[in-house]
Amino acid sequence: MDENGKVTGEMPKLTNDEIKELYKKMVTIRVYDDKTMKIQRQGRVGPYISYLGQEACQVGIAASLRKDDWFFPTYRDSGALYARGMPLKDVLLYWMGDARGFANAGNNFPICIPVGTHPPHAAGAAFAAKIKGKDYVSLATFGDGATSRGDFYEAMNFAGVFNLPVIFVVQNNQWAISVPRSRQTASQTIAQKAISAGIDGVVADGNDIFSVIKAIRYAADKARSGKGATVIELLTYRLGDHSSADDQKKYREQAEVETWKKKEPVERLKKYMLSKGLWSEKFEQDITAEATQAAEKAITDAENIPSQKLDELFENIFSEMTPNLKEELEELKEAYKDRSTESTNKVEKIEGSFP
Amino acid sequence: MDENGKVTGEMPKLTNDEIKELYKKMVTIRVYDDKTMKIQRQGRVGPYISYLGQEACQVGIAASLRKDDWFFPTYRDSGALYARGMPLKDVLLYWMGDARGFANAGNNFPICIPVGTHPPHAAGAAFAAKIKGKDYVSLATFGDGATSRGDFYEAMNFAGVFNLPVIFVVQNNQWAISVPRSRQTASQTIAQKAISAGIDGVVADGNDIFSVIKAIRYAADKARSGKGATVIELLTYRLGDHSSADDQKKYREQAEVETWKKKEPVERLKKYMLSKGLWSEKFEQDITAEATQAAEKAITDAENIPSQKLDELFENIFSEMTPNLKEELEELKEAYKDRSTESTNKVEKIEGSFP
Amino acid sequence: MHMVAAINSALDNEMQRDKNVVLLGEDVGVNGGVFRVTDGLFKKYGADRVVDTPLAELSIVGLSIGMAAAGLKPVAEIQFSGFTYASFEQLVSHAARIRYRSGGKFTCPMVLRSPCGGGIHALELHSESNEAIYSHMPGLKVVIPSGPYEAKGLLISAIRSKDPVLFFEPMKLYRAFREEVPETPYEIPLGKANLGKEGKDVTIISWSTMYHVSMLAAKKMEEENGVSCEVIDLRTINPIDTDTIINSVKKTGRVVIVHEGPRNAGMGAEISAQITEKAMLSLHAPPIRVTGYDTPYPFYKTEKFYLPDIEKVIIGINKAMNF
Amino acid sequence: MHMVAAINSALDNEMQRDKNVVLLGEDVGVNGGVFRVTDGLFKKYGADRVVDTPLAELSIVGLSIGMAAAGLKPVAEIQFSGFTYASFEQLVSHAARIRYRSGGKFTCPMVLRSPCGGGIHALELHSESNEAIYSHMPGLKVVIPSGPYEAKGLLISAIRSKDPVLFFEPMKLYRAFREEVPETPYEIPLGKANLGKEGKDVTIISWSTMYHVSMLAAKKMEEENGVSCEVIDLRTINPIDTDTIINSVKKTGRVVIVHEGPRNAGMGAEISAQITEKAMLSLHAPPIRVTGYDTPYPFYKTEKFYLPDIEKVIIGINKAMNF
Ligand SMILES: Cc1ncc(C[n+]2csc(CCOP(=O)(O)OP(=O)(O)O)c2C)c(N)n1
Ligand SMILES: Cc1ncc(C[n+]2csc(CCOP(=O)(O)OP(=O)(O)O)c2C)c(N)n1
Ligand SMILES: [Mg+2]
Ligand SMILES: [Mg+2]
C-alpha cells in the first residue's frame, strides 16, 4: 500500500469486515493514546510513552497472533496490548504507577523498561513451547535503539541454534530518543542483523498494516510449523516526542516529521478503504465515539480502583513474605500509625528533575 | 597454502628471511607451550591453556602488527604474546598466579579471562587513536565461543558506527570446551556476523600463516588508513585439551582430531620451506635448541623471582591505599606475625574440585 | 557421596519427578559439566532436558526467565560464579522482579547453580564469593551448602521453590569429603541455618568453605584454650535465619563472623548490624568480622594471604573473648 | 546554580583544562542529555569529545575502559543508575581490576556519571540506589553529592582521580535548590565526609537526598524535643570516611543511619558494623538503620511508603534516644 492507500503488492488474506475491524482498532488505540496524553498533561498519569504514528505496527502485530501466543512488549506498545485484548484500564494502571496493571494480563508480559533486555525472555518462552510440544509462538517487539544491545544478538543466536518459534519485531521508528537510526548502527538494514544468527530477516512497511500483517503471519506460520525464528524490521516513525519528558524539537528537523506525517498509517488505511467503499463519515464517527466513551469509562475506572495498602509493598516479592520483610512491614506500619496507610490515586506533582 | 605446503593463492609480500623468521617463531612458541605443559603436569604451574595447533594464528597476528599497536589477547594467546615480544618469563608469571606478569607488557593488555568481554576494550583503544589522531590499530582476538556473547556484537556495532581502527580476530578452533562450532551459532560463517554491524568480515585459513598474514595486513592497512573495522575469522583447530583441567576425549571423535592434525600449521610451513629450499635439519635443530635453552632459562627465572610480600595484596587496587585497605593490611600482618609473610613460588597441590 | 555426586543425585531425582525440570548451561550436556556435576544426565534425559547452550551467560539466565514464566523449571548453570556478572541485569532487573511487577501473575521459579569460592589456585574470576550483592538486590534467594548432605537437600528445596534461587556451590568442597547421602529425594528448608556445634562462650557464624575453617578453629580453641564455641552454618544467605543467630548470641554474648567475600558491605556487615540492633545488651564484645579483604580475589600465589584461615579465626575469637 | 548547572560547569571546566576528557553516552550530545546535564557541550567541544553512542550500556563502559587505558579520560553517562546493571561485568571484572591484574601498568581513570535515587514518580528502574553493590565490589570509588556546590567539586576530583569513579547524581536534587557555585574549577576531596551540622546527642549519617531529609528531621527534633543532632553527609560511599563517623559517635554515643537503598547488606549495615567494632563502648544504643526496604523500588503509587521520610527518621532518632 503506498501513501495514498493504493495496493502495490500482494494483499494478505483479509475479509472486508476484518479490514474494517483493523481500522476500528487503529482508530480506537489512537483515541486511547490521545486521551492518555491529555490526562498525563493534566497530571493524572505519570511519565507516559505514546505510540502515535506506529498504530499499524501495534494493531498489525496483535491481529496476527493467537491469544495463546506470548507477547513481550516495550513501553511503546500499549497500543498492541489493547489490540491483544488488554483493557485500557489495566494498561493505564501501569502508567499510573500501580503494580496491579498486569495482574490479569493473559500471555502478555509486563512492559519491558530496560531497553532491549526482553528478547531473551521471548526466546525462553519459545523454548518452553518447543520442549513442551506446544504450538504457540513467542513475539517480542522493541525499537531500533534496542538492536544495539547485546541481549538482542544473543537471543537471536539462541533462536538460531535451537530453531525456536520466536519472532523479533523491530519497530524501527528512526529515532532512539535523540539518536537517529544512522547513528545507531552502520548496518544497512536492521533486518540484516539476523544474518549474524543464521536466521531470516525481513523488512516491511510498518506504516502499512497489510504489509505488517503479511510479515508477521509469514513469521508466525513459519515458527508454528517448526521452521524457526524471524527478525522483522518494520519501518515506521515516531510522530510525537519520545516520552512525556522529551522535546523532540531539540534534536530533529521538523521537515522530517512533516514528511513522515504524510505516510502515517491510519490515514493511509482510510484512503484504501475509501477507495474500496469501506469507509464512511458515519463509520468514523461511530467508532470514534465508541472509543472515546470506552476511554472515558476506563479512565474513571482506573482512577477509582481501590487504593493500595502499605502492606502491598511487601507482597509478591517472594512466594511467601520472608522474616525480614515482615519486620520491615511492622516498622512501616509504626511509621504510618498516624497517617493514611493507603495510596492515593492522584499523582502528586513533583518539581524538578526532568527539564 | 594447502596441507602439503603448496601455495594455492597469492602470497603476502615476505622475504625468505622473514619466512624463516616466522617459522622460527612458530617452532619457538611450540617449544614454549610444550615446556609449560610439562612443568604444569609436574605441578610447577597452575591451570594452563595451550595453543597447540594454533601457532599460525598466534605468530601471524603478531607479525602483522606494529609494536605500538594495541593487542587484547585471551587465555589462549600466550603464543601471540611471545611473538609480540613479551618474554616467556613474564607470561609464565601470569600462569604461575603472579600479578606481576603484565607489569611491563607494552601495549599488550593482560589476558582476558571472562570469555568475550574484551572486544569493547579494543574498540575503546581504537577510539582513543581516532580522537588523539594516532595511527595505531587495536586488535582483539578470541574464540568461536566468544562470538556468542553480546559484548562482541556491541563492540562490532560501535566499531561500525564510529569507523574505528580495530580488528576483531576470531580464532575459530571449532570447539568451545565441549561445545562444537555447529552448536555455537546457526550462522554459516562467523565472519558473516560482521554484516550485523555493517563492517567487513573475512574468512582465512588459520593454519596457513600466509593466509593469516594476508588477512591481518589487509585489515590493519585498512584501519590505519581510516577505513574502519574488520572481523577476521581464522579457521583453525585446537589439537589439545581445552585446558589442563579438561579431557577432550569426553566430547569429540578422535578421528576428527586426527584429520586436523594433518592440517597443522608448523608442519605445513615446513613443507613449503622444504619445497623452496628454506628448511634444513640443521636449521630445525638450531632453532629448537635455542628455544629450548631460552625456555629453560625463562622457567628458572620465573621460578626464582623474588617472592611477593603480603603487602602486595593491597597494592595496585587504587592509586593510593585507602584507609580500609590499610587497616586490613595491619590485620593481615598481625595474623602472619608468626608466619612467613612471603609467597612461595611453589604451587601447592590442591586436591579435589576439578575432576 | 562427595558433593558433586550429591548435587547430581538431587538433579536426577527432580528430573525424574518433574518433567518440567530442564538443565541448561555451557558444557552441561555431553561433557557433564566442567566439574562433572551433571554427568550422565544428558544420556538419561536427552538433549531437550539437558541443554548445551552457546557461550552467553546473559542469555542462559534471560532464556531461563522466559522458560520459567512459561511453565518450565529451568536449572541453569553458570560455569563459575564470577561469570554471573554477565547476567546481572537479567537477574536483578527481571528474575528478581517479575512477580512484583506483574502483580503476582508471572513468576520466576528458576534455579541458578554456580560454583563459587576460592582456595583451589584457580585463574582470575574463578574464585568469587559474591553472595552479598545478590542478597542486597531484593527478590533473589541465595543458598550455599557446606557439605554433600546439605547440598542435596537444599538443592531439592531450591528446585521446588516458587522463587528464583541462586545456588552457589563451593568448588573447594566439591570433592573434599564424603557424607552419607540417601539416593532418594529429601528437602532441607531454605532460610534455616544449621547449628553445627553447640557452645557457650562465643558464636561463630559462617558458611560455605569457611564453615569448615570455623569448625577447625573452634575445636582448636576448645582443646587448647577451653573456649566453648557455638558454630552456625548459615546455609541460606538470603533470607538469613536471624532467629537462630540471635538466640545463640543471647546465650554466648560474643560473635565472630567468618566469610570469604570482601568485607565492605558484605554479609558480615549485615549480620553484625542485626546482632547489634537485636541483642546489643547481650553483647560482651562487638561482633568481629573475619573476612576476605576489599581487594579483587587475588592471583593464586597470594590467595593464602587473602583467605580467612584457622589462625585468623582464632585471632577473631580471641578479640571477642578478650574485649 | 542548581545541581544540573553545577555538574555542567564541572564538565566544562575540565574539558577546557584537559583535552583528553571525553564525554560519551546516550543522548549526551545533540540533546544535551535527557536531564540537560551536558547541554551546550556538544556545540562547544564537538562530536569527537561529546559522543552520542548507540544504545548499549555494556559498551559505553567497555569502550571507556579501553579509552582510559589508552590515555583518554572518559566521562561516561549511563542514563539512569538502574541501567548500569548492563555494564556490571565490565565495571567489576575489568574497570575495577585492571590496575591490579596488570601489576600497576594499566589503569582505568574513568568516571561513570549516572542519575540515581527516587522520589520523582519515575518509571521502574529509574529510581535505583545501588551504591552498596558497587562499594562491595573492590576497586571502584563511589561518590554521591547532595548539593550543587558539592557536586561540582566532587566531580572535578573524580575526573582528576586516577581511579575509576562511579559518580551518582540524585535526580530529585537536580533542580531542587540552588547554591552559590563558582564558575571556576575547585576540588572537594574524595573520601571525606561533610559535617553538615554539629550536635551532641545523636549522630545521623546519610547522603544523597536522604541527607536533606535527615537535616529536616534533625531540626525538627531539636526544635520540638531539644535533641541535639549531628548530621554527617557521607558524600563518598567508597571508601567511607570512618574517622569522621567514629569521632562523632564517640561524642554522641547514638547513631541513626539513613539511606534510600535496600537494607540487607546495604551501606547502613557496613557503617553500623564499623561503629560497633570501633566504638562499641561509646554506644548508648545500637546504631539504628532507617532505609529503603528489601523490595524492588516500587511503582510510584506506593513509593512514598518505601522512602525514608522525616517521620521515619524521627522514629529512628527516638529509638536511639530511648533505648
Ligand atoms: C537499558 C536502557 N537504557 C536506556 C534507557 C532510557 N531509554 C528509554 S527509551 C530509550 C530509547 C529507545 O529507543 P528505541 O529502542 O529505538 O525505541 P523507541 O523508544 O524509539 O520506541 C532510551 C535510551 C532505558 N530505558 N533502558
Ligand atoms: C564469561 C565466561 N564464561 C565461561 C568461561 C569458562 N570458559 C573458559 S574458555 C571457555 C570456552 C571458550 O571457547 P572459545 O571462545 O571458542 O575459545 P577457545 O577456548 O576455544 O579458544 C569457557 C566456557 C569463561 N572463562 N568466561
Ligand atoms: Mg526508536
Ligand atoms: Mg574455540
# chains A, B, ... in the order shown; residues from 1 in each chain; ligands from 1
call {"tool": "residues_near_ligand", "arguments": {"ligand": "ligand 3", "cutoff": "6 Å", "atoms": "only C-alpha atoms and all ligand atoms", "output": "VMD selection string"}}
result
chain A and resid 143 to 145 172 to 176
call {"tool": "write_last_selection", "arguments": {"atoms": "C-alpha atoms", "output": "CSV table (one decimal), in the first residue's frame"}}
result
chain,number,residue,atom,x,y,z
A,143,GLY,CA,12.9,-0.3,18.9
A,144,ASP,CA,15.8,0.4,16.6
A,145,GLY,CA,17.8,1.6,19.6
A,172,ASN,CA,12.3,1.0,13.6
A,173,ASN,CA,10.8,4.4,14.2
A,174,GLN,CA,14.0,6.1,13.1
A,175,TRP,CA,14.9,7.5,16.5
A,176,ALA,CA,16.1,6.3,19.9
call {"tool": "interface_residues", "arguments": {"of": "chain C", "to": "chain A", "cutoff": "6 Å", "atoms": "only C-alpha atoms", "output": "PyMOL selection string"}}
result
chain C and resi 59+62-67+70+99-105+139
call {"tool": "write_last_selection", "arguments": {"atoms": "all heavy atoms", "output": "compact mmCIF listing (two decimals), in the first residue's frame"}}
result
# COMPACT_ATOMS: atom_id res chain seq x y z
N SER C 59 22.19 -14.70 28.33
CA SER C 59 21.06 -15.41 27.73
C SER C 59 20.73 -16.70 28.45
O SER C 59 19.58 -17.15 28.40
CB SER C 59 21.33 -15.69 26.26
OG SER C 59 21.21 -14.50 25.53
N GLY C 62 18.61 -15.13 30.81
CA GLY C 62 17.49 -14.49 30.12
C GLY C 62 16.50 -15.50 29.58
O GLY C 62 15.28 -15.33 29.74
N LEU C 63 16.97 -16.54 28.96
CA LEU C 63 16.05 -17.57 28.47
C LEU C 63 15.38 -18.29 29.63
O LEU C 63 14.19 -18.62 29.56
CB LEU C 63 16.75 -18.57 27.55
CG LEU C 63 16.64 -18.19 26.07
CD1 LEU C 63 17.70 -17.19 25.67
CD2 LEU C 63 16.67 -19.40 25.16
N SER C 64 16.14 -18.53 30.69
CA SER C 64 15.55 -19.22 31.84
C SER C 64 14.34 -18.46 32.38
O SER C 64 13.35 -19.06 32.80
CB SER C 64 16.59 -19.39 32.96
OG SER C 64 17.63 -20.24 32.53
N ILE C 65 14.44 -17.15 32.36
CA ILE C 65 13.32 -16.33 32.84
C ILE C 65 12.07 -16.59 31.99
O ILE C 65 10.98 -16.81 32.52
CB ILE C 65 13.71 -14.83 32.82
CG1 ILE C 65 14.80 -14.57 33.88
CG2 ILE C 65 12.50 -13.93 33.05
CD1 ILE C 65 15.48 -13.22 33.75
N GLY C 66 12.24 -16.57 30.69
CA GLY C 66 11.12 -16.85 29.80
C GLY C 66 10.61 -18.28 29.95
O GLY C 66 9.40 -18.54 29.93
N MET C 67 11.53 -19.20 30.12
CA MET C 67 11.14 -20.60 30.30
C MET C 67 10.35 -20.78 31.59
O MET C 67 9.34 -21.49 31.63
CB MET C 67 12.40 -21.48 30.33
CG MET C 67 13.14 -21.57 29.01
SD MET C 67 14.86 -22.15 29.20
CE MET C 67 14.60 -23.92 29.10
N ALA C 70 6.93 -19.45 31.42
CA ALA C 70 6.06 -20.28 30.57
C ALA C 70 5.92 -21.71 31.10
O ALA C 70 5.51 -22.60 30.35
CB ALA C 70 6.61 -20.28 29.14
N ARG C 99 7.66 -11.21 39.58
CA ARG C 99 6.48 -11.46 40.41
C ARG C 99 5.86 -10.15 40.88
O ARG C 99 4.64 -9.95 40.81
CB ARG C 99 6.85 -12.32 41.62
CG ARG C 99 5.67 -12.66 42.51
CD ARG C 99 6.11 -13.38 43.78
NE ARG C 99 6.53 -14.75 43.55
CZ ARG C 99 5.71 -15.80 43.57
NH1 ARG C 99 4.41 -15.62 43.79
NH2 ARG C 99 6.16 -17.01 43.36
N TYR C 100 6.71 -9.25 41.34
CA TYR C 100 6.20 -7.97 41.83
C TYR C 100 5.58 -7.14 40.72
O TYR C 100 4.47 -6.62 40.84
CB TYR C 100 7.33 -7.18 42.51
CG TYR C 100 6.91 -5.78 42.86
CD1 TYR C 100 5.98 -5.55 43.89
CD2 TYR C 100 7.38 -4.68 42.15
CE1 TYR C 100 5.56 -4.27 44.20
CE2 TYR C 100 6.97 -3.40 42.45
CZ TYR C 100 6.05 -3.19 43.47
OH TYR C 100 5.61 -1.93 43.77
N ARG C 101 6.30 -7.04 39.61
CA ARG C 101 5.86 -6.11 38.58
C ARG C 101 4.66 -6.61 37.78
O ARG C 101 4.07 -5.86 37.00
CB ARG C 101 7.01 -5.69 37.68
CG ARG C 101 7.77 -6.78 37.01
CD ARG C 101 9.13 -6.26 36.50
NE ARG C 101 8.94 -5.14 35.62
CZ ARG C 101 8.71 -5.27 34.31
NH1 ARG C 101 8.68 -6.46 33.75
NH2 ARG C 101 8.52 -4.21 33.58
N SER C 102 4.31 -7.86 37.96
CA SER C 102 3.11 -8.36 37.30
C SER C 102 2.00 -8.62 38.32
O SER C 102 1.08 -9.38 38.05
CB SER C 102 3.43 -9.65 36.53
OG SER C 102 3.74 -10.70 37.41
N GLY C 103 2.13 -7.99 39.48
CA GLY C 103 1.09 -8.18 40.50
C GLY C 103 0.88 -9.65 40.84
O GLY C 103 -0.23 -10.07 41.18
N GLY C 104 1.93 -10.43 40.74
CA GLY C 104 1.85 -11.85 41.11
C GLY C 104 1.47 -12.78 39.97
O GLY C 104 1.46 -13.99 40.14
N LYS C 105 1.19 -12.22 38.80
CA LYS C 105 0.76 -13.10 37.70
C LYS C 105 1.88 -13.98 37.17
O LYS C 105 1.70 -15.17 36.96
CB LYS C 105 0.18 -12.25 36.56
CG LYS C 105 0.14 -12.98 35.21
CD LYS C 105 -1.12 -12.78 34.46
CE LYS C 105 -1.14 -13.56 33.16
NZ LYS C 105 -1.42 -14.97 33.29
N GLY C 139 14.67 -9.79 45.96
CA GLY C 139 13.90 -10.67 45.09
C GLY C 139 14.58 -11.98 44.74
O GLY C 139 13.98 -12.81 44.05
call {"tool": "atom_distance", "arguments": {"atom1": "CA of Tyr211 in chain C", "atom2": "CA of Glu311 in chain C"}}
result
14.1 Å
call {"tool": "closest_atom_pairs", "arguments": {"of": "chain C", "to": "ligand 1", "cutoff": "12 Å", "atoms": "only C-alpha atoms and all ligand atoms", "output": "JSON lines"}}
result
{"residue": "C:Glu89", "atom": "CA", "partner": "ligand 1", "partner_atom_place_in_ligand_line": "1 (C)", "distance": 9.3}
{"residue": "C:Gln90", "atom": "CA", "partner": "ligand 1", "partner_atom_place_in_ligand_line": "1 (C)", "distance": 11.1}
{"residue": "C:Ser93", "atom": "CA", "partner": "ligand 1", "partner_atom_place_in_ligand_line": "1 (C)", "distance": 10.2}
call {"tool": "write_last_selection", "arguments": {"atoms": "all heavy atoms", "output": "PDB file, in the first residue's frame"}}
result
ATOM      1  N   GLU C  89      22.099  -8.002  35.091  1.00  0.00           N
ATOM      2  CA  GLU C  89      20.875  -7.251  34.791  1.00  0.00           C
ATOM      3  C   GLU C  89      19.675  -8.178  34.657  1.00  0.00           C
ATOM      4  O   GLU C  89      18.581  -7.871  35.148  1.00  0.00           O
ATOM      5  CB  GLU C  89      21.061  -6.447  33.506  1.00  0.00           C
ATOM      6  CG  GLU C  89      19.857  -5.578  33.174  1.00  0.00           C
ATOM      7  CD  GLU C  89      20.124  -4.640  32.013  1.00  0.00           C
ATOM      8  OE1 GLU C  89      20.682  -5.105  30.998  1.00  0.00           O
ATOM      9  OE2 GLU C  89      19.777  -3.452  32.117  1.00  0.00           O
ATOM     10  N   GLN C  90      19.861  -9.297  33.995  1.00  0.00           N
ATOM     11  CA  GLN C  90      18.748 -10.242  33.855  1.00  0.00           C
ATOM     12  C   GLN C  90      18.303 -10.727  35.230  1.00  0.00           C
ATOM     13  O   GLN C  90      17.106 -10.888  35.485  1.00  0.00           O
ATOM     14  CB  GLN C  90      19.162 -11.422  32.970  1.00  0.00           C
ATOM     15  CG  GLN C  90      19.330 -11.065  31.495  1.00  0.00           C
ATOM     16  CD  GLN C  90      18.012 -10.735  30.801  1.00  0.00           C
ATOM     17  OE1 GLN C  90      16.936 -11.137  31.244  1.00  0.00           O
ATOM     18  NE2 GLN C  90      18.082  -9.984  29.726  1.00  0.00           N
ATOM     19  N   SER C  93      17.111  -7.144  37.402  1.00  0.00           N
ATOM     20  CA  SER C  93      16.051  -6.319  36.821  1.00  0.00           C
ATOM     21  C   SER C  93      14.867  -7.160  36.353  1.00  0.00           C
ATOM     22  O   SER C  93      13.779  -6.625  36.163  1.00  0.00           O
ATOM     23  CB  SER C  93      16.585  -5.499  35.640  1.00  0.00           C
ATOM     24  OG  SER C  93      17.639  -4.660  36.044  1.00  0.00           O
TER      25      SER C  93
END
call {"tool": "interface_residues", "arguments": {"of": "chain B", "to": "chain A", "cutoff": "10 Å", "atoms": "only C-alpha atoms", "output": "NGL selection string"}}
result
:B and (147-163 or 182-199)
call {"tool": "write_last_selection", "arguments": {"atoms": "C-alpha atoms", "output": "compact mmCIF listing (two decimals), in the first residue's frame"}}
result
# COMPACT_ATOMS: atom_id res chain seq x y z
CA THR B 147 31.23 -14.79 19.38
CA SER B 148 28.01 -15.77 21.16
CA ARG B 149 28.49 -13.07 23.76
CA GLY B 150 26.64 -9.79 23.39
CA ASP B 151 29.82 -7.84 24.06
CA PHE B 152 31.21 -8.93 20.70
CA TYR B 153 28.21 -7.69 18.73
CA GLU B 154 28.06 -4.46 20.64
CA ALA B 155 31.75 -3.81 20.04
CA MET B 156 31.36 -4.53 16.32
CA ASN B 157 28.40 -2.18 16.22
CA PHE B 158 30.32 0.65 17.87
CA ALA B 159 33.25 -0.01 15.54
CA GLY B 160 30.89 0.33 12.60
CA VAL B 161 29.18 3.50 13.79
CA PHE B 162 32.42 5.27 14.68
CA ASN B 163 34.51 3.76 11.91
CA SER B 182 27.79 -26.04 14.92
CA ARG B 183 26.09 -25.67 18.31
CA GLN B 184 27.53 -22.24 18.97
CA THR B 185 25.66 -20.46 16.22
CA ALA B 186 23.48 -21.24 13.25
CA SER B 187 25.23 -18.67 11.12
CA GLN B 188 27.09 -20.22 8.24
CA THR B 189 30.33 -18.45 8.92
CA ILE B 190 31.35 -16.44 11.94
CA ALA B 191 32.77 -13.74 9.69
CA GLN B 192 29.27 -13.02 8.39
CA LYS B 193 28.32 -11.74 11.81
CA ALA B 194 30.13 -8.57 10.78
CA ILE B 195 27.22 -7.82 8.45
CA SER B 196 25.13 -7.07 11.53
CA ALA B 197 27.36 -4.08 12.19
CA GLY B 198 27.86 -3.02 8.62
CA ILE B 199 31.54 -3.86 8.70
call {"tool": "interface_residues", "arguments": {"of": "chain D", "to": "chain C", "cutoff": "9 Å", "atoms": "only C-alpha atoms", "output": "number ranges by chain"}}
result
D: 82-90, 92-93, 96-97, 100-101, 124-125, 130, 132-139, 238, 262-274, 276-281, 285-289, 293-299
call {"tool": "residues_around", "arguments": {"residues": "range 143-146 of chain C", "least_positions_apart": "5", "cutoff": "6 Å", "atoms": "only C-alpha atoms", "output": "VMD selection string"}}
result
chain C and resid 151 167 to 168 208 235 to 237
call {"tool": "write_last_selection", "arguments": {"atoms": "N, CA and C atoms", "output": "compact mmCIF listing (two decimals), in the first residue's frame"}}
result
# COMPACT_ATOMS: atom_id res chain seq x y z
N ALA C 151 23.88 -30.14 50.55
CA ALA C 151 23.78 -29.72 49.15
C ALA C 151 22.58 -30.37 48.48
N PHE C 167 22.01 -20.74 43.66
CA PHE C 167 22.55 -21.85 44.43
C PHE C 167 24.05 -21.94 44.14
N PHE C 168 24.83 -21.44 45.08
CA PHE C 168 26.28 -21.41 44.87
C PHE C 168 26.93 -22.64 45.49
N SER C 208 29.62 -21.98 53.75
CA SER C 208 30.50 -22.40 52.66
C SER C 208 31.78 -23.00 53.23
N ARG C 235 23.95 -21.40 55.67
CA ARG C 235 23.33 -22.16 54.57
C ARG C 235 22.51 -21.30 53.61
N THR C 236 21.49 -20.61 54.10
CA THR C 236 20.77 -19.67 53.24
C THR C 236 21.27 -18.27 53.56
N ILE C 237 21.75 -17.58 52.56
CA ILE C 237 22.35 -16.26 52.79
C ILE C 237 21.29 -15.17 52.62
call {"tool": "atom_distance", "arguments": {"atom1": "CA of Thr141 in chain A", "atom2": "CA of Val212 in chain A"}}
result
12.7 Å
call {"tool": "select_by_dssp", "arguments": {"residues": "range 23-59 of chain A", "states": "helix (DSSP H, G or I)", "output": "NGL selection string"}}
result
:A and (23-41 or 55-59)
call {"tool": "closest_residue", "arguments": {"among": "B:Ile49, B:Ala219, B:Met1, B:Leu278", "to": "ligand 2", "atoms": "only C-alpha atoms and all ligand atoms"}}
result
B:Ile49
call {"tool": "closest_residue", "arguments": {"among": "B:Ala289, B:Val170, B:Ile39, B:Ile29", "to": "ligand 2", "atoms": "only C-alpha atoms and all ligand atoms"}}
result
B:Val170
call {"tool": "residues_around", "arguments": {"residues": "Arg339 in chain B", "least_positions_apart": "5", "cutoff": "12 Å", "atoms": "only C-alpha atoms", "output": "ChimeraX atom specification"}}
result
/B:309-310,332-334 /C:304-305,311-312
call {"tool": "write_last_selection", "arguments": {"atoms": "N, CA, C and O atoms", "output": "short mmCIF file (atom, residue, chain, number, x, y, z; two decimals), in the first residue's frame"}}
result
data_model
loop_
_atom_site.label_atom_id
_atom_site.label_comp_id
_atom_site.auth_asym_id
_atom_site.auth_seq_id
_atom_site.Cartn_x
_atom_site.Cartn_y
_atom_site.Cartn_z
N LYS B 309 55.44 -10.12 48.90
CA LYS B 309 55.12 -9.86 50.30
C LYS B 309 53.61 -9.73 50.45
O LYS B 309 52.92 -9.36 49.51
N LEU B 310 53.15 -9.97 51.64
CA LEU B 310 51.69 -9.88 51.79
C LEU B 310 51.16 -8.48 51.54
O LEU B 310 50.00 -8.30 51.17
N LEU B 332 46.16 -8.29 58.60
CA LEU B 332 46.82 -9.43 57.96
C LEU B 332 48.22 -9.61 58.54
O LEU B 332 48.67 -10.74 58.81
N LYS B 333 48.91 -8.49 58.74
CA LYS B 333 50.26 -8.58 59.32
C LYS B 333 50.21 -9.22 60.69
O LYS B 333 51.05 -10.05 61.04
N GLU B 334 49.21 -8.86 61.44
CA GLU B 334 49.08 -9.44 62.78
C GLU B 334 48.87 -10.96 62.65
O GLU B 334 49.49 -11.74 63.37
N LYS C 304 46.58 -17.42 49.68
CA LYS C 304 46.62 -17.87 51.08
C LYS C 304 46.57 -16.67 52.04
O LYS C 304 46.05 -16.77 53.14
N PHE C 305 47.12 -15.54 51.61
CA PHE C 305 47.04 -14.36 52.47
C PHE C 305 45.62 -13.83 52.54
O PHE C 305 45.19 -13.28 53.53
N GLU C 311 44.08 -19.61 61.79
CA GLU C 311 44.76 -18.62 62.63
C GLU C 311 43.98 -17.32 62.69
O GLU C 311 43.85 -16.72 63.77
N LYS C 312 43.49 -16.88 61.55
CA LYS C 312 42.74 -15.62 61.55
C LYS C 312 41.45 -15.74 62.36
O LYS C 312 41.04 -14.81 63.05
#
call {"tool": "select_by_dssp", "arguments": {"residues": "range 109-240 of chain B", "states": "strand (DSSP E)", "output": "PyMOL selection string"}}
result
chain B and resi 138-143+166-172+175-176+179-180+200-205+230-235
call {"tool": "atom_distance", "arguments": {"atom1": "CA of Arg76 in chain B", "atom2": "atom 10 (C, counted along the ligand's line) of ligand 2"}}
result
10.0 Å
call {"tool": "residues_around", "arguments": {"residues": "Thr344 in chain A", "least_positions_apart": "2", "cutoff": "9 Å", "atoms": "only C-alpha atoms", "output": "ChimeraX atom specification"}}
result
/A:307-308,342,346-348 /D:301-302
call {"tool": "residues_around", "arguments": {"residues": "Leu14 in chain B", "least_positions_apart": "4", "cutoff": "10 Å", "atoms": "only C-alpha atoms", "output": "PyMOL selection string"}}
result
chain B and resi 18-20+22+210+213
call {"tool": "closest_residue", "arguments": {"among": "A:Ser275, A:Gln58, A:Thr300, A:Ser178", "to": "Val28 in chain D", "atoms": "only C-alpha atoms"}}
result
A:Ser178
call {"tool": "closest_residue", "arguments": {"among": "B:Lys89, B:Arg238, B:Arg30, B:Lys282", "to": "ligand 4", "atoms": "only C-alpha atoms and all ligand atoms"}}
result
B:Arg238
